[in-house]
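Colleague: The file below is entry-v1.txt, compact mmCIF, C-alpha atoms and all ligand atoms:
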# COMPACT_ATOMS: atom_id res chain seq x y z
CA MET A 264 3.34 -1.00 28.11
CA SER A 265 0.23 -2.64 26.70
CA ASN A 266 -1.67 -5.73 27.67
CA ILE A 267 -3.39 -6.73 24.41
CA ALA A 268 -6.17 -9.22 23.62
CA VAL A 269 -6.62 -10.63 20.13
CA VAL A 270 -9.99 -12.30 19.58
CA GLY A 271 -10.26 -14.93 16.85
CA SER A 272 -7.32 -17.09 15.78
CA GLY A 273 -8.24 -17.25 12.10
CA LEU A 274 -5.90 -16.01 9.42
CA VAL A 275 -5.52 -12.44 10.68
CA GLY A 276 -5.73 -13.07 14.44
CA ARG A 277 -3.08 -15.77 14.69
CA LEU A 278 -0.47 -13.83 12.70
CA LEU A 279 -1.23 -10.61 14.55
CA ALA A 280 -0.83 -12.32 17.95
CA LEU A 281 2.56 -13.66 16.86
CA LEU A 282 3.71 -10.25 15.63
CA LEU A 283 2.60 -8.66 18.91
CA ILE A 284 4.38 -11.16 21.15
CA GLN A 285 7.60 -10.39 19.22
CA GLN A 286 7.42 -6.73 20.22
CA ASN A 287 9.72 -5.36 22.83
CA LYS A 288 8.22 -5.83 26.33
CA THR A 289 8.41 -2.05 26.82
CA VAL A 290 5.55 -1.71 24.30
CA VAL A 291 3.64 -4.99 24.60
CA SER A 292 3.79 -6.63 28.00
CA ASN A 293 1.23 -9.39 27.41
CA VAL A 294 -0.75 -10.93 24.56
CA SER A 295 -3.88 -13.05 25.07
CA LEU A 296 -5.55 -14.91 22.21
CA PHE A 297 -9.19 -16.04 22.44
CA GLU A 298 -10.64 -18.56 19.96
CA LYS A 299 -14.10 -20.09 20.01
CA ASN A 300 -12.85 -23.34 18.43
CA ALA A 301 -9.40 -24.94 18.52
CA LEU A 302 -6.32 -23.38 16.93
CA LEU A 303 -6.28 -26.12 14.30
CA THR A 304 -9.88 -26.70 13.32
CA PRO A 305 -10.16 -28.19 9.80
CA GLU A 306 -13.29 -26.06 9.21
CA SER A 307 -11.37 -22.75 9.60
CA THR A 308 -12.08 -20.52 6.63
CA GLY A 309 -8.39 -19.82 6.15
CA LEU A 310 -7.58 -23.55 6.01
CA ILE A 311 -10.31 -24.28 3.47
CA ALA A 312 -9.17 -21.40 1.23
CA ALA A 313 -7.09 -21.88 -1.89
CA ALA A 314 -4.84 -19.16 -0.42
CA MET A 315 -3.91 -17.51 -3.70
CA VAL A 316 -2.28 -14.10 -3.60
CA SER A 317 -3.47 -12.85 -6.96
CA PRO A 318 -3.70 -9.07 -7.18
CA VAL A 319 -3.57 -9.12 -10.97
CA ALA A 320 -6.29 -11.73 -11.57
CA GLU A 321 -8.47 -10.29 -8.80
CA SER A 322 -8.18 -6.79 -10.30
CA VAL A 323 -10.69 -7.87 -12.92
CA THR A 324 -13.48 -7.79 -10.34
CA ALA A 325 -11.95 -5.99 -7.34
CA SER A 326 -11.46 -2.26 -6.79
CA GLU A 327 -8.26 -0.42 -7.58
CA HIS A 328 -7.63 -0.05 -3.84
CA ILE A 329 -7.71 -3.82 -3.33
CA THR A 330 -5.38 -4.24 -6.29
CA VAL A 331 -2.88 -1.78 -4.80
CA MET A 332 -3.11 -3.31 -1.29
CA GLY A 333 -2.74 -6.77 -2.86
CA GLN A 334 0.37 -5.75 -4.79
CA ARG A 335 1.93 -4.57 -1.56
CA SER A 336 0.95 -7.78 0.24
CA LEU A 337 2.57 -9.78 -2.53
CA ALA A 338 5.86 -8.06 -1.68
CA LEU A 339 5.26 -8.41 2.06
CA TRP A 340 4.39 -12.15 2.32
CA PRO A 341 8.00 -13.42 2.23
CA LYS A 342 9.02 -10.77 4.81
CA LEU A 343 6.13 -11.62 7.09
CA LEU A 344 6.83 -15.36 6.94
CA SER A 345 10.52 -14.88 7.54
CA CYS A 346 9.83 -12.51 10.45
CA LEU A 347 7.60 -15.21 12.00
CA ALA A 348 10.07 -17.99 11.13
CA ILE A 349 7.40 -19.87 9.16
CA LYS A 350 9.14 -22.05 6.60
CA GLN A 351 8.23 -23.49 3.21
CA ALA A 352 4.81 -21.87 3.06
CA TRP A 353 5.20 -19.55 0.06
CA TRP A 354 5.24 -20.17 -3.68
CA GLN A 355 5.61 -17.45 -6.28
CA LEU A 356 5.65 -19.00 -9.74
CA GLY A 357 2.86 -16.99 -11.37
CA THR A 358 -0.66 -17.93 -12.46
CA ILE A 359 -1.79 -19.32 -15.82
CA VAL A 360 -5.22 -18.33 -17.13
CA VAL A 361 -6.84 -20.49 -19.83
CA ALA A 362 -10.21 -20.92 -21.53
CA HIS A 363 -11.78 -23.71 -23.53
CA ARG A 364 -12.61 -22.83 -27.14
CA GLN A 365 -16.28 -22.05 -26.37
CA ASP A 366 -15.24 -19.68 -23.53
CA MET A 367 -12.50 -17.81 -25.45
CA SER A 368 -14.47 -14.55 -25.38
CA ASN A 369 -14.40 -14.73 -21.56
CA LEU A 370 -10.60 -14.85 -21.65
CA THR A 371 -10.47 -11.80 -23.93
CA HIS A 372 -12.91 -10.00 -21.65
CA PHE A 373 -10.83 -10.97 -18.60
CA GLN A 374 -7.68 -9.63 -20.23
CA GLN A 375 -9.36 -6.35 -21.16
CA ARG A 376 -10.51 -5.79 -17.57
CA LEU A 377 -7.12 -6.29 -15.89
CA LYS A 378 -6.47 -3.09 -13.94
CA SER A 379 -2.70 -3.29 -13.85
CA ASN A 380 -0.82 -0.56 -15.71
CA ASN A 381 2.36 -2.55 -15.58
CA GLU A 382 2.95 -4.50 -18.80
CA ALA A 383 5.15 -7.00 -16.94
CA ASP A 384 2.12 -8.13 -14.89
CA SER A 385 0.57 -10.18 -17.72
CA ALA A 386 1.73 -11.83 -20.91
CA GLU A 387 -0.13 -13.66 -23.65
CA MET A 388 0.93 -17.28 -24.09
CA ASN A 389 0.91 -19.29 -27.29
CA ALA A 390 1.16 -23.08 -27.61
CA ASP A 391 4.98 -23.02 -27.34
CA ASP A 392 4.86 -20.89 -24.19
CA LEU A 393 2.41 -23.32 -22.63
CA ILE A 394 4.60 -26.29 -23.52
CA ALA A 395 7.59 -24.53 -21.96
CA LEU A 396 5.84 -23.42 -18.78
CA GLU A 397 3.22 -26.05 -18.03
CA PRO A 398 3.62 -28.91 -20.54
CA GLU A 399 0.66 -30.95 -19.32
CA LEU A 400 -1.73 -28.07 -20.06
CA ALA A 401 -0.66 -27.97 -23.69
CA GLN A 402 -2.67 -31.14 -24.40
CA GLN A 403 -5.93 -29.21 -23.92
CA PHE A 404 -5.07 -25.57 -24.59
CA ASN A 405 -3.04 -23.72 -27.18
CA GLN A 406 -3.18 -20.23 -25.75
CA GLY A 407 -3.58 -18.46 -22.43
CA LEU A 408 -2.41 -15.64 -20.23
CA PHE A 409 0.48 -15.66 -17.77
CA LEU A 410 0.46 -13.49 -14.63
CA PRO A 411 4.10 -13.97 -13.56
CA SER A 412 4.20 -12.10 -10.25
CA GLU A 413 1.40 -13.96 -8.45
CA GLY A 414 1.92 -16.34 -5.56
CA HIS A 415 0.11 -18.58 -3.13
CA VAL A 416 0.48 -19.69 0.46
CA ASP A 417 0.69 -23.25 1.74
CA ASN A 418 -2.08 -22.60 4.23
CA GLN A 419 -1.80 -26.03 5.89
CA ALA A 420 1.88 -25.30 6.65
CA LEU A 421 1.05 -21.76 7.76
CA TYR A 422 -1.69 -22.86 10.17
CA ARG A 423 0.29 -25.81 11.51
CA GLN A 424 3.48 -23.84 12.17
CA SER A 425 1.71 -20.77 13.54
CA ALA A 426 -0.34 -22.95 15.91
CA GLN A 427 2.81 -24.60 17.20
CA GLN A 428 4.52 -21.25 17.67
CA ILE A 429 1.55 -19.82 19.54
CA GLN A 430 1.51 -22.83 21.85
CA GLU A 431 5.24 -22.54 22.53
CA SER A 432 5.18 -18.75 22.97
CA ASP A 433 4.24 -16.53 25.92
CA ILE A 434 0.82 -15.86 24.41
CA ASN A 435 -2.00 -16.65 26.87
CA LEU A 436 -4.12 -18.91 24.72
CA PHE A 437 -7.83 -19.51 25.40
CA GLU A 438 -9.24 -22.10 22.98
CA HIS A 439 -12.92 -23.11 22.94
CA THR A 440 -13.73 -19.70 24.38
CA ALA A 441 -16.38 -17.76 22.46
CA THR A 442 -16.17 -14.21 23.73
CA ARG A 443 -18.11 -10.98 23.47
CA ILE A 444 -16.29 -7.68 23.31
CA ILE A 445 -17.42 -4.41 24.84
CA ASP A 446 -14.82 -1.72 24.24
CA ASN A 447 -11.64 -3.04 25.84
CA THR A 448 -13.37 -5.67 27.97
CA ILE A 449 -13.65 -9.34 27.05
CA HIS A 450 -16.75 -11.13 28.33
CA LEU A 451 -16.11 -14.83 28.76
CA PRO A 452 -18.80 -17.55 28.56
CA SER A 453 -18.35 -18.11 32.33
CA GLY A 454 -19.54 -14.55 32.99
CA GLU A 455 -16.01 -13.46 33.92
CA LYS A 456 -14.72 -10.19 32.44
CA GLN A 457 -11.14 -9.33 31.53
CA VAL A 458 -10.02 -5.77 30.83
CA PHE A 459 -7.15 -5.02 28.44
CA ASP A 460 -5.33 -1.92 27.21
CA TRP A 461 -6.35 -2.89 23.67
CA VAL A 462 -8.76 -5.47 22.30
CA ILE A 463 -8.31 -6.40 18.65
CA ASP A 464 -11.34 -8.10 17.18
CA CYS A 465 -10.44 -10.58 14.41
CA ARG A 466 -13.59 -12.70 14.69
CA GLY A 467 -14.55 -12.59 11.02
CA LEU A 468 -18.22 -13.51 10.75
CA GLY A 469 -18.32 -14.01 14.53
CA ALA A 470 -18.39 -10.21 14.87
CA SER A 471 -21.48 -9.72 12.72
CA GLN A 472 -23.67 -8.60 15.66
CA GLN A 473 -20.98 -6.37 17.19
CA LEU A 474 -19.68 -4.12 14.44
CA ILE A 475 -18.11 -0.85 15.54
CA ASP A 476 -19.37 0.99 12.46
CA PRO A 477 -23.12 1.37 13.06
CA LYS A 478 -23.80 1.54 9.32
CA ALA A 479 -21.91 -1.64 8.49
CA THR A 480 -23.44 -5.06 7.86
CA LEU A 481 -21.50 -8.26 7.56
CA ARG A 482 -22.61 -11.31 5.56
CA GLY A 483 -21.16 -14.67 4.64
CA VAL A 484 -20.36 -15.46 1.00
CA ARG A 485 -20.24 -19.20 0.68
CA GLY A 486 -17.36 -20.91 -1.08
CA GLU A 487 -16.97 -24.60 -1.86
CA VAL A 488 -13.77 -26.43 -2.71
CA VAL A 489 -12.66 -29.99 -3.40
CA ARG A 490 -9.22 -31.15 -2.33
CA VAL A 491 -7.79 -34.08 -4.28
CA ARG A 492 -4.61 -36.12 -4.54
CA ALA A 493 -3.80 -36.64 -8.21
CA PRO A 494 -0.48 -38.43 -8.81
CA GLN A 495 -1.16 -38.47 -12.56
CA VAL A 496 -1.25 -34.67 -12.71
CA LYS A 497 1.94 -32.64 -12.61
CA LEU A 498 0.88 -29.01 -12.60
CA LEU A 499 3.20 -26.45 -11.05
CA HIS A 500 1.22 -23.22 -11.35
CA PRO A 501 -2.20 -22.19 -10.08
CA ILE A 502 -4.48 -22.47 -13.11
CA ARG A 503 -7.50 -20.20 -13.55
CA VAL A 504 -10.09 -21.49 -15.96
CA MET A 505 -12.63 -19.17 -17.51
CA HIS A 506 -16.09 -20.29 -16.55
CA PRO A 507 -19.35 -18.54 -17.37
CA ARG A 508 -20.62 -18.68 -13.75
CA TYR A 509 -17.65 -18.02 -11.45
CA PRO A 510 -13.85 -17.98 -11.55
CA LEU A 511 -12.58 -21.55 -11.28
CA TYR A 512 -9.09 -22.48 -10.24
CA ILE A 513 -6.85 -25.45 -9.62
CA VAL A 514 -4.09 -24.75 -7.11
CA PRO A 515 -1.21 -27.21 -6.62
CA LYS A 516 -0.45 -27.68 -2.93
CA GLY A 517 2.55 -30.01 -3.12
CA ASN A 518 2.57 -33.73 -2.45
CA ASN A 519 0.34 -34.27 -5.56
CA GLU A 520 -2.50 -32.41 -3.82
CA TYR A 521 -4.69 -29.82 -5.56
CA VAL A 522 -7.42 -27.50 -4.35
CA ILE A 523 -10.17 -27.12 -6.92
CA GLY A 524 -12.49 -24.22 -6.32
CA ALA A 525 -14.33 -22.19 -5.68
CA THR A 526 -17.96 -21.46 -5.91
CA GLU A 527 -19.16 -18.03 -4.84
CA ILE A 528 -22.70 -18.12 -3.52
CA GLU A 529 -24.51 -15.31 -1.70
CA SER A 530 -25.54 -17.43 1.24
CA ASP A 531 -24.79 -17.92 4.94
CA SER A 532 -25.61 -21.63 4.67
CA GLU A 533 -23.09 -23.96 6.24
CA GLN A 534 -24.65 -27.02 4.61
CA ALA A 535 -22.31 -29.52 3.01
CA ILE A 536 -21.26 -28.96 -0.61
CA SER A 537 -24.01 -29.48 -3.21
CA VAL A 538 -23.96 -32.18 -5.90
CA ARG A 539 -24.13 -29.47 -8.55
CA SER A 540 -20.98 -27.79 -7.21
CA VAL A 541 -19.10 -31.09 -6.96
CA LEU A 542 -20.06 -31.92 -10.55
CA GLU A 543 -19.05 -28.49 -11.83
CA LEU A 544 -15.74 -28.32 -9.97
CA LEU A 545 -14.63 -31.85 -10.76
CA SER A 546 -15.71 -31.78 -14.40
CA ALA A 547 -13.88 -28.46 -14.83
CA ALA A 548 -10.75 -30.07 -13.38
CA TYR A 549 -11.16 -33.10 -15.65
CA SER A 550 -11.59 -30.82 -18.66
CA VAL A 551 -8.24 -29.20 -17.83
CA HIS A 552 -6.38 -32.48 -17.25
CA SER A 553 -7.73 -35.99 -17.75
CA GLY A 554 -5.41 -37.23 -14.98
CA PHE A 555 -7.90 -35.84 -12.45
CA ALA A 556 -10.21 -38.77 -13.35
CA GLU A 557 -8.04 -41.07 -11.21
CA ALA A 558 -7.58 -38.57 -8.37
CA GLU A 559 -8.40 -39.46 -4.79
CA VAL A 560 -10.92 -37.04 -3.25
CA LEU A 561 -9.46 -35.97 0.10
CA ALA A 562 -12.04 -33.41 1.20
CA MET A 563 -15.07 -31.51 0.01
CA GLN A 564 -15.41 -28.37 2.07
CA THR A 565 -17.44 -25.22 2.41
CA GLY A 566 -16.53 -21.94 4.04
CA LEU A 567 -18.11 -18.53 4.56
CA ARG A 568 -16.13 -15.47 3.54
CA PRO A 569 -16.71 -12.55 5.95
CA THR A 570 -17.97 -9.79 3.65
CA LEU A 571 -19.05 -6.16 4.18
CA LEU A 572 -21.60 -4.42 1.97
CA ASP A 573 -19.04 -3.04 -0.49
CA ASN A 574 -16.89 -6.22 -0.48
CA GLU A 575 -13.97 -4.11 0.86
CA PRO A 576 -11.99 -4.80 4.06
CA SER A 577 -12.08 -2.38 6.98
CA ILE A 578 -10.20 -1.54 10.16
CA THR A 579 -12.35 0.40 12.61
CA VAL A 580 -11.28 1.88 15.91
CA LEU A 581 -13.38 2.97 18.84
CA ASN A 582 -11.78 3.89 22.16
CA LYS A 583 -9.43 0.98 22.93
CA SER A 584 -10.92 -1.50 20.51
CA ILE A 585 -9.79 -2.23 16.95
CA GLN A 586 -11.93 -4.32 14.61
CA ILE A 587 -10.51 -5.94 11.47
CA ASN A 588 -13.08 -7.41 9.14
CA GLY A 589 -14.53 -7.83 5.64
CA LEU A 590 -11.66 -9.77 4.12
CA TYR A 591 -14.15 -11.54 1.83
CA ARG A 592 -12.26 -13.54 -0.86
CA HIS A 593 -9.10 -11.54 -0.20
CA GLY A 594 -7.81 -12.70 3.19
CA TYR A 595 -4.54 -14.03 1.80
CA LEU A 596 -4.34 -11.25 -0.73
CA LEU A 597 -4.49 -8.55 1.94
CA THR A 598 -3.39 -9.87 5.35
CA PRO A 599 0.28 -8.74 5.28
CA TYR A 600 -0.83 -5.22 4.40
CA ILE A 601 -3.61 -5.19 7.02
CA LEU A 602 -1.16 -6.32 9.71
CA GLU A 603 1.28 -3.61 8.68
CA GLN A 604 -1.47 -1.02 9.05
CA VAL A 605 -2.61 -2.32 12.46
CA LEU A 606 0.94 -2.19 13.83
CA GLN A 607 1.34 1.37 12.52
CA LEU A 608 -1.92 2.26 14.20
CA LEU A 609 -0.91 0.84 17.58
CA ARG A 610 2.42 2.60 17.31
CA SER A 611 0.74 5.92 16.56
CA PHE A 612 -1.40 5.59 19.70
CA ASP A 613 1.66 4.89 21.86
CA SER A 614 2.84 8.43 22.52
CA PHE A 615 5.55 7.38 25.00
CA CYS A 616 7.33 4.55 23.20
CA ALA A 617 6.33 4.92 19.53
CA ASP A 618 9.93 4.46 18.43
CA GLN A 619 10.13 1.06 20.16
CA TRP A 620 7.46 -0.55 17.94
CA GLN A 621 8.67 -2.91 15.23
CA VAL A 622 6.57 -2.96 12.07
CA TYR A 623 7.87 -6.01 10.24
CA SER A 624 7.66 -4.39 6.82
CA GLU A 625 10.18 -1.73 7.76
CA ILE A 626 12.98 -4.18 7.09
CA SER A 627 12.77 -2.59 3.67
CA SER A 628 9.93 -0.82 1.96
CA GLU A 629 10.37 -0.72 -1.78
CA PHE A 630 6.74 -0.23 -2.64
CA SER A 631 4.88 3.04 -2.70
CA ILE A 632 1.18 3.45 -2.09
CA ASP A 633 1.25 7.21 -1.83
CA ASP A 634 -2.19 7.74 -3.26
CA VAL A 635 -3.96 6.13 -0.30
CA VAL A 636 -1.46 6.41 2.54
CA THR A 637 -1.31 9.66 4.48
CA ASP A 638 1.82 11.26 5.95
CA SER A 639 1.22 9.42 9.21
CA GLY A 640 1.50 6.10 7.37
CA PHE A 641 -2.23 5.28 7.44
CA ASP A 642 -4.40 4.10 4.63
CA HIS A 643 -7.38 6.41 4.99
CA LYS A 644 -9.53 4.23 2.74
CA LEU A 645 -9.03 1.26 5.05
CA ILE A 646 -9.00 2.74 8.56
CA THR A 647 -11.85 4.60 10.26
CA VAL A 648 -11.46 5.96 13.76
CA PHE A 649 -14.74 6.58 15.56
CA ASN A 650 -14.87 9.21 18.26
CA GLY A 651 -17.36 9.09 21.12
CA GLY A 652 -19.03 6.09 22.63
CA ASN A 653 -22.42 5.72 21.01
CA GLU A 654 -21.60 4.10 17.71
CA TYR A 655 -20.57 0.78 19.16
CA ALA A 656 -23.46 -1.69 18.91
CA HIS A 657 -22.99 -4.32 21.57
CA ASN A 658 -26.21 -6.23 21.16
CA ASP A 659 -24.62 -9.64 20.74
CA GLN A 660 -26.75 -12.62 21.92
C1 LIG B 1 -13.54 -21.50 -0.42
C2 LIG B 1 -12.73 -20.30 -0.08
C3 LIG B 1 -11.61 -19.98 -0.84
C4 LIG B 1 -10.83 -18.87 -0.54
N1 LIG B 1 -9.73 -18.62 -1.30
C5 LIG B 1 -8.99 -17.50 -1.05
C6 LIG B 1 -7.86 -17.20 -1.86
O1 LIG B 1 -7.49 -17.95 -2.76
N2 LIG B 1 -7.17 -16.04 -1.61
C7 LIG B 1 -7.54 -15.18 -0.61
O2 LIG B 1 -6.91 -14.12 -0.47
N3 LIG B 1 -8.60 -15.46 0.20
C8 LIG B 1 -9.33 -16.59 -0.01
N4 LIG B 1 -10.41 -16.88 0.80
C9 LIG B 1 -10.80 -15.92 1.84
C10 LIG B 1 -10.04 -16.07 3.17
O3 LIG B 1 -10.01 -17.40 3.58
C11 LIG B 1 -10.73 -15.19 4.21
O4 LIG B 1 -10.77 -13.86 3.73
C12 LIG B 1 -9.98 -15.21 5.55
O5 LIG B 1 -9.97 -16.51 6.09
C13 LIG B 1 -10.62 -14.24 6.54
O6 LIG B 1 -9.75 -14.16 7.66
P1 LIG B 1 -10.22 -13.64 9.08
O7 LIG B 1 -9.07 -13.87 10.00
O8 LIG B 1 -10.79 -12.27 8.94
O9 LIG B 1 -11.46 -14.57 9.48
P2 LIG B 1 -11.46 -16.11 9.78
O10 LIG B 1 -10.34 -16.77 9.08
O11 LIG B 1 -12.85 -16.57 9.51
O12 LIG B 1 -11.17 -16.19 11.35
C14 LIG B 1 -12.09 -15.76 12.34
C15 LIG B 1 -11.79 -16.54 13.61
O13 LIG B 1 -12.56 -15.99 14.69
C16 LIG B 1 -13.09 -17.05 15.47
N5 LIG B 1 -14.26 -16.54 16.19
C17 LIG B 1 -15.47 -16.21 15.68
N6 LIG B 1 -16.28 -15.75 16.65
C18 LIG B 1 -15.58 -15.80 17.80
C19 LIG B 1 -15.87 -15.47 19.15
N7 LIG B 1 -17.05 -14.99 19.53
N8 LIG B 1 -14.90 -15.63 20.09
C20 LIG B 1 -13.66 -16.11 19.75
N9 LIG B 1 -13.34 -16.47 18.48
C21 LIG B 1 -14.28 -16.30 17.51
C22 LIG B 1 -13.40 -18.12 14.42
O14 LIG B 1 -13.56 -19.40 15.01
C23 LIG B 1 -12.19 -18.01 13.51
O15 LIG B 1 -11.13 -18.81 13.94
C24 LIG B 1 -11.20 -18.02 0.55
C25 LIG B 1 -12.30 -18.35 1.34
C26 LIG B 1 -13.05 -19.47 1.04
C27 LIG B 1 -14.22 -19.82 1.90
Show me the file's structure as structure tokens.
Modeller:
Amino acid sequence: MSNIAVVGSGLVGRLLALLLIQQNKTVVSNVSLFEKNALLTPESTGLIAAAMVSPVAESVTASEHITVMGQRSLALWPKLLSCLAIKQAWWQLGTIVVAHRQDMSNLTHFQQRLKSNNEADSAEMNADDLIALEPELAQQFNQGLFLPSEGHVDNQALYRQSAQQIQESDINLFEHTATRIIDNTIHLPSGEKQVFDWVIDCRGLGASQQLIDPKATLRGVRGEVVRVRAPQVKLLHPIRVMHPRYPLYIVPKGNNEYVIGATEIESDSEQAISVRSVLELLSAAYSVHSGFAEAEVLAMQTGLRPTLLDNEPSITVLNKSIQINGLYRHGYLLTPYILEQVLQLLRSFDSFCADQWQVYSEISSEFSIDDVVTDSGFDHKLITVFNGGNEYAHNDQ
């Protein structure tokens, strides 16, 4: 019977806490969730994000491993949301990729670099296809690429509903509580210490001075987005627009709202969005659809993506502490898979009641990732278990 602490109620932490409190009491007796801000802080990275789940488009720049994990997450999102009873937070209509005439070579290059071997993952679109699928795009573009399997999350709905569920659940919630972690002990700002059977560190960038892997370094990669309400625009699909400097997208969020993003800047700066970025993002949106000229700007936001040296995610384990980090620009792309792996891991450590653990994905598993997952169910490229006590650097503050 485990008493578990989850630290950080961002994207990963909040969903993990909810999955843990659903476990049978014979395996998880108590769940505590510590968050340095409030559960619903508008500045949360996961709330600022466009929340696209795009394994095919991301495969152009991401590794094959991320592509495979992302494909699995794509299948897992609806199961995860239904298991957590989170409603109306998932769209899966596919992504449209377009380029203006002067950037056509970028679209060809993008298409050539897609890593998917599955022909059904992408299809060329001509003017008629565009008219059929997204008629308002056909005014500006006469060809493009369709990635039919891709989806996106309504992150406002996800955060709102998960916050409410956490508040109504048996989870012991500690908001406005910035903690330090040393093995399985939580150090509170008051000086008090709390010991748990397991501590799961989901602090994102907040863990940068306390990484389990002594060789790892964590940095922030800044992203900027503009959120608008544009009643004159009726786009249904996330649109990716080829841009010489970074991948630009326009993601419909319902209620005539669109997220236009996102810059990708190697910087930890939390300064407000720059004029240059606003100009680039908004003029790109206007070049896709002139209806954006009359849009109401709802928010201009910046966020820092927690990123490890190789831009890959990692789960590290030392003694009774598990650290999940490095989700970079792939938090939504990978979270269902990461949660599946963490639950498998906890189950494997529970020698007495392993069969009592519920891993939500087991409802049905129609997707094989045999090349990275070992017989025990672990992804050996994702999970590192450290033995011995010296690797853990607890030099925070
Ligand atoms: C502009 C932008 C666009 C994005 N678009 C996408 C996208 O389309 N698709 C996609 O897959 N990903 C996207 N992402 C990335 C995604 O948002 C992140 O990968 C994800 O939010 C990381 O989740 P996390 O739970 O690891 O960290 P976070 O969401 O950052 O959560 C960490 C939490 O820990 C808390 N915390 C920190 N320190 C402490 C402490 N000492 N004690 C207690 N709590 C602490 C923080 O307050 C925070 O709530 C985007 C990111 C940005 C910035």
Colleague: Mind checking which residues fall within 6 Å of A:Tyr595, counting all atoms listed in the file, ignoring those fewer than 2 positions away in the same chain, and posting them as a CSV table (one decimal) with C-alpha atoms, keeping the file's coordinate frame?
Modeller:
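Below is the file result24.csv, written as the result:
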chain,number,residue,atom,x,y,z
A,314,ALA,CA,-4.8,-19.2,-0.4
A,316,VAL,CA,-2.3,-14.1,-3.6
A,593,HIS,CA,-9.1,-11.5,-0.2
A,597,LEU,CA,-4.5,-8.6,1.9
A,598,THR,CA,-3.4,-9.9,5.4
Colleague: Report as a ChimeraX atom specification all protein, DNA and RNA residues lying within 7 Å of stretch 579-591 of chain A, evaluated on all atoms listed in the file, omitting residues in the same chain fewer than 2 positions from it.
Modeller: /A:446-447,460-465,467,475,568-571,574-577,593-594,646-650
Colleague: Name the residues in contact with stretch 540-555 of chain A at a cut-off of 6 Å, using all atoms listed in the file, excluding same-chain residues fewer than 5 positions from it; report them as a list in words.
Modeller: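 Contacts, in chain order: Ala493, Gln495 and Val496 of chain A.
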Colleague: Quick one: of A:Leu609, A:Leu303, A:Leu283, A:Leu343, who's nearest to A:Tyr422, counting all atoms listed in the file?
Modeller: A:Leu303
Colleague: What is the distance between atom CA of A:Glu557 and atom CA of A:Arg492, in Å to one decimal?
Modeller: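 Atom CA of A:Glu557 sits 9.0 Å away from atom CA of A:Arg492.
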